[in-house]
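This is start30.cif. It holds mmCIF, C-alpha atoms.
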```cif
data_target
#
loop_
_atom_site.group_PDB
_atom_site.id
_atom_site.type_symbol
_atom_site.label_atom_id
_atom_site.label_comp_id
_atom_site.auth_asym_id
_atom_site.auth_seq_id
_atom_site.Cartn_x
_atom_site.Cartn_y
_atom_site.Cartn_z
ATOM 1 C CA MET A 1 94.206 -14.794 115.679
ATOM 2 C CA THR A 2 93.086 -18.412 115.437
ATOM 3 C CA GLY A 3 89.668 -19.919 115.936
ATOM 4 C CA PHE A 4 87.925 -16.663 115.030
ATOM 5 C CA ARG A 5 84.880 -16.988 112.765
ATOM 6 C CA VAL A 6 84.035 -13.688 111.148
ATOM 7 C CA ALA A 7 80.323 -12.899 110.973
ATOM 8 C CA GLU A 8 80.666 -9.251 109.967
ATOM 9 C CA ILE A 9 83.231 -6.700 108.898
ATOM 10 C CA ARG A 10 82.454 -3.116 109.880
ATOM 11 C CA SER A 11 84.177 -0.051 108.486
ATOM 12 C CA VAL A 12 84.989 2.427 111.256
ATOM 13 C CA GLY A 13 86.957 5.518 110.337
ATOM 14 C CA GLY A 14 88.462 3.817 107.290
ATOM 15 C CA GLN A 15 89.559 0.796 109.309
ATOM 16 C CA ALA A 16 88.158 -2.734 109.486
ATOM 17 C CA VAL A 17 86.568 -4.072 112.655
ATOM 18 C CA LEU A 18 86.024 -7.827 112.592
ATOM 19 C CA VAL A 19 83.029 -9.146 114.517
ATOM 20 C CA ALA A 20 82.884 -12.853 115.364
ATOM 21 C CA GLU A 21 79.796 -15.052 115.280
ATOM 22 C CA ASN A 22 79.688 -14.836 119.086
ATOM 23 C CA GLY A 23 79.767 -10.999 118.998
ATOM 24 C CA ARG A 24 83.424 -10.604 119.986
ATOM 25 C CA GLU A 25 85.095 -7.692 118.191
ATOM 26 C CA LEU A 26 88.745 -7.272 117.295
ATOM 27 C CA PRO A 27 90.378 -3.831 117.500
ATOM 28 C CA ALA A 28 90.148 -1.724 114.343
ATOM 29 C CA ALA A 29 92.855 -2.522 111.787
ATOM 30 C CA ASP A 30 94.215 -0.853 108.667
ATOM 31 C CA THR A 31 94.752 -4.196 106.960
ATOM 32 C CA VAL A 32 93.255 -7.647 107.421
ATOM 33 C CA VAL A 33 95.182 -10.626 106.079
ATOM 34 C CA VAL A 34 93.333 -13.936 105.983
ATOM 35 C CA LEU A 35 95.656 -16.943 106.129
ATOM 36 C CA THR A 36 93.522 -20.050 106.191
ATOM 37 C CA GLY A 37 96.117 -22.418 104.770
ATOM 38 C CA PHE A 38 93.511 -23.597 102.310
ATOM 39 C CA ARG A 39 95.236 -24.717 99.137
ATOM 40 C CA PRO A 40 95.399 -28.221 97.759
ATOM 41 C CA ASP A 41 98.820 -29.863 97.718
ATOM 42 C CA LEU A 42 98.910 -31.977 94.593
ATOM 43 C CA SER A 43 102.700 -32.179 94.408
ATOM 44 C CA PHE A 44 102.695 -35.893 95.213
ATOM 45 C CA LEU A 45 100.714 -36.430 91.992
ATOM 46 C CA SER A 46 103.142 -34.548 89.743
ATOM 47 C CA GLU A 47 104.002 -37.669 87.716
ATOM 48 C CA MET A 48 100.362 -38.696 87.208
ATOM 49 C CA ARG A 49 98.102 -37.763 84.319
ATOM 50 C CA LEU A 50 95.408 -35.526 85.781
ATOM 51 C CA ASP A 51 92.392 -33.758 84.313
ATOM 52 C CA LEU A 52 91.897 -30.803 86.660
ATOM 53 C CA ASP A 53 90.049 -27.539 86.339
ATOM 54 C CA PRO A 54 92.737 -24.839 86.149
ATOM 55 C CA THR A 55 90.925 -22.483 88.530
ATOM 56 C CA LEU A 56 89.757 -24.807 91.308
ATOM 57 C CA GLU A 57 92.337 -27.586 90.861
ATOM 58 C CA ALA A 58 89.465 -30.063 91.187
ATOM 59 C CA PRO A 59 88.505 -32.839 88.769
ATOM 60 C CA ARG A 60 87.204 -31.092 85.655
ATOM 61 C CA ARG A 61 83.948 -33.120 85.686
ATOM 62 C CA ILE A 62 82.840 -31.638 89.034
ATOM 63 C CA ALA A 63 84.419 -28.169 88.952
ATOM 64 C CA ALA A 64 81.347 -26.279 87.755
ATOM 65 C CA ASP A 65 79.174 -28.102 90.297
ATOM 66 C CA ILE A 66 81.362 -27.220 93.307
ATOM 67 C CA ASP A 67 82.303 -23.662 92.363
ATOM 68 C CA PRO A 68 81.882 -21.616 95.576
ATOM 69 C CA ASN A 69 80.754 -18.620 93.523
ATOM 70 C CA ILE A 70 77.639 -20.608 92.638
ATOM 71 C CA HIS A 71 77.190 -23.295 95.300
ATOM 72 C CA SER A 72 77.265 -23.727 99.061
ATOM 73 C CA CYS A 73 77.983 -27.000 100.858
ATOM 74 C CA GLY A 74 74.270 -27.815 100.996
ATOM 75 C CA SER A 75 73.665 -27.303 97.279
ATOM 76 C CA VAL A 76 76.520 -29.417 95.902
ATOM 77 C CA GLN A 77 75.391 -32.773 94.530
ATOM 78 C CA ALA A 78 77.073 -36.015 95.565
ATOM 79 C CA THR A 79 79.951 -37.119 93.346
ATOM 80 C CA GLY A 80 81.095 -40.630 92.614
ATOM 81 C CA ALA A 81 83.752 -42.678 90.866
ATOM 82 C CA LEU A 82 82.774 -41.605 87.357
ATOM 83 C CA ASP A 83 83.084 -37.913 88.310
ATOM 84 C CA LEU A 84 86.377 -38.354 90.151
ATOM 85 C CA ALA A 85 88.250 -40.656 87.750
ATOM 86 C CA GLN A 86 91.479 -39.322 86.302
ATOM 87 C CA PRO A 87 93.181 -40.220 82.992
ATOM 88 C CA GLU A 88 95.681 -42.318 84.969
ATOM 89 C CA PRO A 89 94.152 -45.831 85.258
ATOM 90 C CA ASP A 90 92.488 -46.530 88.622
ATOM 91 C CA LEU A 91 93.345 -43.069 89.962
ATOM 92 C CA TYR A 92 90.594 -41.085 91.650
ATOM 93 C CA LEU A 93 90.742 -37.880 93.674
ATOM 94 C CA VAL A 94 88.492 -38.203 96.718
ATOM 95 C CA GLY A 95 87.834 -36.259 99.873
ATOM 96 C CA MET A 96 89.144 -32.736 100.307
ATOM 97 C CA LYS A 97 91.589 -33.187 97.399
ATOM 98 C CA SER A 98 88.634 -33.679 95.052
ATOM 99 C CA TYR A 99 87.351 -30.179 95.835
ATOM 100 C CA GLY A 100 90.637 -28.412 95.147
ATOM 101 C CA ARG A 101 90.263 -24.804 96.267
ATOM 102 C CA ALA A 102 86.487 -25.007 96.746
ATOM 103 C CA PRO A 103 85.648 -24.655 100.471
ATOM 104 C CA THR A 104 82.245 -26.362 100.129
ATOM 105 C CA PHE A 105 83.453 -29.899 100.941
ATOM 106 C CA LEU A 106 81.615 -31.921 103.592
ATOM 107 C CA ALA A 107 82.764 -35.139 105.250
ATOM 108 C CA LEU A 108 79.524 -36.837 104.163
ATOM 109 C CA THR A 109 80.447 -36.057 100.564
ATOM 110 C CA GLY A 110 83.828 -37.709 101.063
ATOM 111 C CA TYR A 111 82.277 -40.832 102.589
ATOM 112 C CA GLU A 112 80.023 -41.173 99.547
ATOM 113 C CA GLN A 113 82.960 -40.611 97.193
ATOM 114 C CA VAL A 114 85.015 -43.335 98.867
ATOM 115 C CA ARG A 115 82.057 -45.738 98.875
ATOM 116 C CA SER A 116 81.582 -45.194 95.140
ATOM 117 C CA VAL A 117 85.285 -45.451 94.256
ATOM 118 C CA VAL A 118 85.794 -48.626 96.296
ATOM 119 C CA ALA A 119 82.768 -50.148 94.562
ATOM 120 C CA ALA A 120 84.267 -49.236 91.168
ATOM 121 C CA LEU A 121 87.661 -50.697 92.076
ATOM 122 C CA ALA A 122 85.918 -53.872 93.284
ATOM 123 C CA GLY A 123 84.121 -54.181 89.934
ATOM 124 C CA ASP A 124 80.682 -53.257 91.309
ATOM 125 C CA HIS A 125 79.863 -50.705 88.607
ATOM 126 C CA GLU A 126 76.178 -50.590 89.535
ATOM 127 C CA GLY A 127 77.108 -49.793 93.147
ATOM 128 C CA ALA A 128 79.643 -47.199 91.996
ATOM 129 C CA ALA A 129 77.040 -45.427 89.852
ATOM 130 C CA ARG A 130 74.408 -45.389 92.601
ATOM 131 C CA VAL A 131 74.192 -42.208 94.712
ATOM 132 C CA GLU A 132 73.507 -43.037 98.357
ATOM 133 C CA LEU A 133 73.762 -39.511 99.722
ATOM 134 C CA VAL A 134 71.249 -36.703 99.768
ATOM 135 C CA LEU A 135 72.456 -33.507 101.428
ATOM 136 C CA PRO A 136 69.988 -31.028 102.889
ATOM 137 C CA ASP A 137 69.780 -27.794 100.921
ATOM 138 C CA THR A 138 70.796 -25.720 103.915
ATOM 139 C CA GLY A 139 72.894 -23.021 102.321
ATOM 140 C CA VAL A 140 76.308 -22.329 103.792
ATOM 141 C CA CYS A 141 77.029 -24.704 106.664
ATOM 142 C CA GLY A 142 78.191 -23.502 110.025
ATOM 143 C CA GLY A 143 81.711 -24.800 109.605
ATOM 144 C CA ALA A 144 83.098 -27.587 111.720
ATOM 145 C CA GLY A 145 79.832 -28.365 113.476
ATOM 146 C CA VAL A 146 80.298 -29.980 116.872
ATOM 147 C CA PHE A 147 84.031 -29.241 116.875
ATOM 148 C CA ASP A 148 83.237 -25.620 117.633
ATOM 149 C CA ASP A 149 80.136 -26.077 119.759
ATOM 150 C CA PRO A 150 79.884 -29.222 121.876
ATOM 151 C CA GLU A 151 76.424 -28.151 123.025
ATOM 152 C CA SER A 152 75.255 -27.900 119.416
ATOM 153 C CA ALA A 153 71.918 -29.316 118.415
ATOM 154 C CA ASP A 154 73.737 -30.849 115.462
ATOM 155 C CA ILE A 155 75.432 -33.524 117.583
ATOM 156 C CA GLY A 156 74.904 -36.806 115.816
ATOM 157 C CA GLY A 157 73.502 -35.271 112.667
ATOM 158 C CA GLY A 158 73.181 -32.213 110.540
ATOM 159 C CA CYS A 159 74.991 -30.908 107.535
ATOM 160 C CA CYS A 160 78.524 -30.682 108.844
ATOM 161 C CA ALA A 161 78.622 -33.170 111.704
ATOM 162 C CA PRO A 162 76.937 -36.409 110.629
ATOM 163 C CA ALA A 163 76.348 -39.378 112.851
ATOM 164 C CA PRO A 164 78.758 -42.229 112.097
ATOM 165 C CA GLU A 165 77.356 -44.854 109.759
ATOM 166 C CA VAL A 166 78.616 -48.291 108.755
ATOM 167 C CA LEU A 167 78.886 -48.555 104.973
ATOM 168 C CA ALA A 168 78.761 -51.814 103.018
ATOM 169 C CA ILE A 169 79.506 -52.393 99.354
ATOM 170 C CA GLY A 170 77.299 -54.725 97.382
ATOM 171 C CA GLY A 171 75.598 -56.003 100.505
ATOM 172 C CA THR A 172 73.172 -54.915 103.158
ATOM 173 C CA ARG A 173 73.848 -52.529 105.989
#
```
Would you encode the structure as structure tokens?
Amino acid sequence: MTGFRVAEIRSVGGQAVLVAENGRELPAADTVVVLTGFRPDLSFLSEMRLDLDPTLEAPRRIAADIDPNIHSCGSVQATGALDLAQPEPDLYLVGMKSYGRAPTFLALTGYEQVRSVVAALAGDHEGAARVELVLPDTGVCGGAGVFDDPESADIGGGCCAPAPEVLAIGGTR
């Protein structure tokens, strides 16, 4: 079953009934296996020196701040070059790879990470240290935003579906 967002799991006669966000129910089942495919593939970095949290497989400096047992996508602070730097010179983990197994990653977070890392690589250390992203403290986001609901009020903004923005490093926007 693809494209099914579980809102509730009911126990009926010792079986699980999955109820989607739109109210659709699946037939009762003895076993539910969730295969999201969510696991970071870091194999291409096997020859690099990395400093990763052993549980999340995220950069050790941000692991406690992105732990899904503590934080939701709206409560994770922006991370930059200093947080994402690895022991290998000029190597940074950005985007989804930076969050390892944590499912709280947002595209806006990745844009800010890339902005900061590019500033650091360009020698703009002040720009790299500056945080230019403030996420709303919204709790758990509704997933893929406008991908799932084209009529969504979040079109062009919101936690998970931001409006496109031109970013500049060391200059004006």
Contact check, region 56-85 of chain A to region 99-116 of chain A, at most 7 Å, counting all atoms listed in the file, closest pairs as a Markdown table:
```
| residue | atom | partner | partner_atom | distance |
| --- | --- | --- | --- | --- |
| A:Leu56 | CA | A:Arg101 | CA | 5.0 |
| A:Glu57 | CA | A:Gly100 | CA | 4.7 |
| A:Ala58 | CA | A:Gly100 | CA | 4.4 |
| A:Ile66 | CA | A:Ala102 | CA | 6.6 |
| A:Asp67 | CA | A:Ala102 | CA | 6.2 |
| A:Pro68 | CA | A:Ala102 | CA | 5.8 |
| A:Ser72 | CA | A:Thr104 | CA | 5.7 |
| A:Cys73 | CA | A:Thr104 | CA | 4.4 |
| A:Ala78 | CA | A:Thr109 | CA | 6.0 |
| A:Thr79 | CA | A:Gln113 | CA | 6.0 |
| A:Gly80 | CA | A:Gln113 | CA | 4.9 |
| A:Ala81 | CA | A:Ser116 | CA | 5.4 |
```
| request: Would you list the residues near (82.7, -12.5, 112.0) (no more than 12 Å away, in the coordinates of the file, using all atoms listed in the file) as a ChimeraX atom specification? | output: /A:3-10,16-26
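Interatomic distance, CA of Asp65 (chain A) against CA of Gly123 (chain A): 26.5 Å.
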| message | Please expand the PyMOL selection byres ((chain A and resi 85) around 10) into the concrete residues it hits in this file, giving the result as a list in words. | response |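 Written out, the selection comes to Leu50, Asp51, Pro59, Arg60, Arg61, Gly80, Ala81, Leu82, Asp83, Leu84, Gln86, Pro87, Glu88, Pro89, Asp90, Leu91, Tyr92, Leu93, Val94 and Val117 of chain A.
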| d(CA of Leu133 (chain A), CA of Lys97 (chain A)) in Å |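 For CA of Leu133 (chain A) relative to CA of Lys97 (chain A), the distance reads 19.1 Å.
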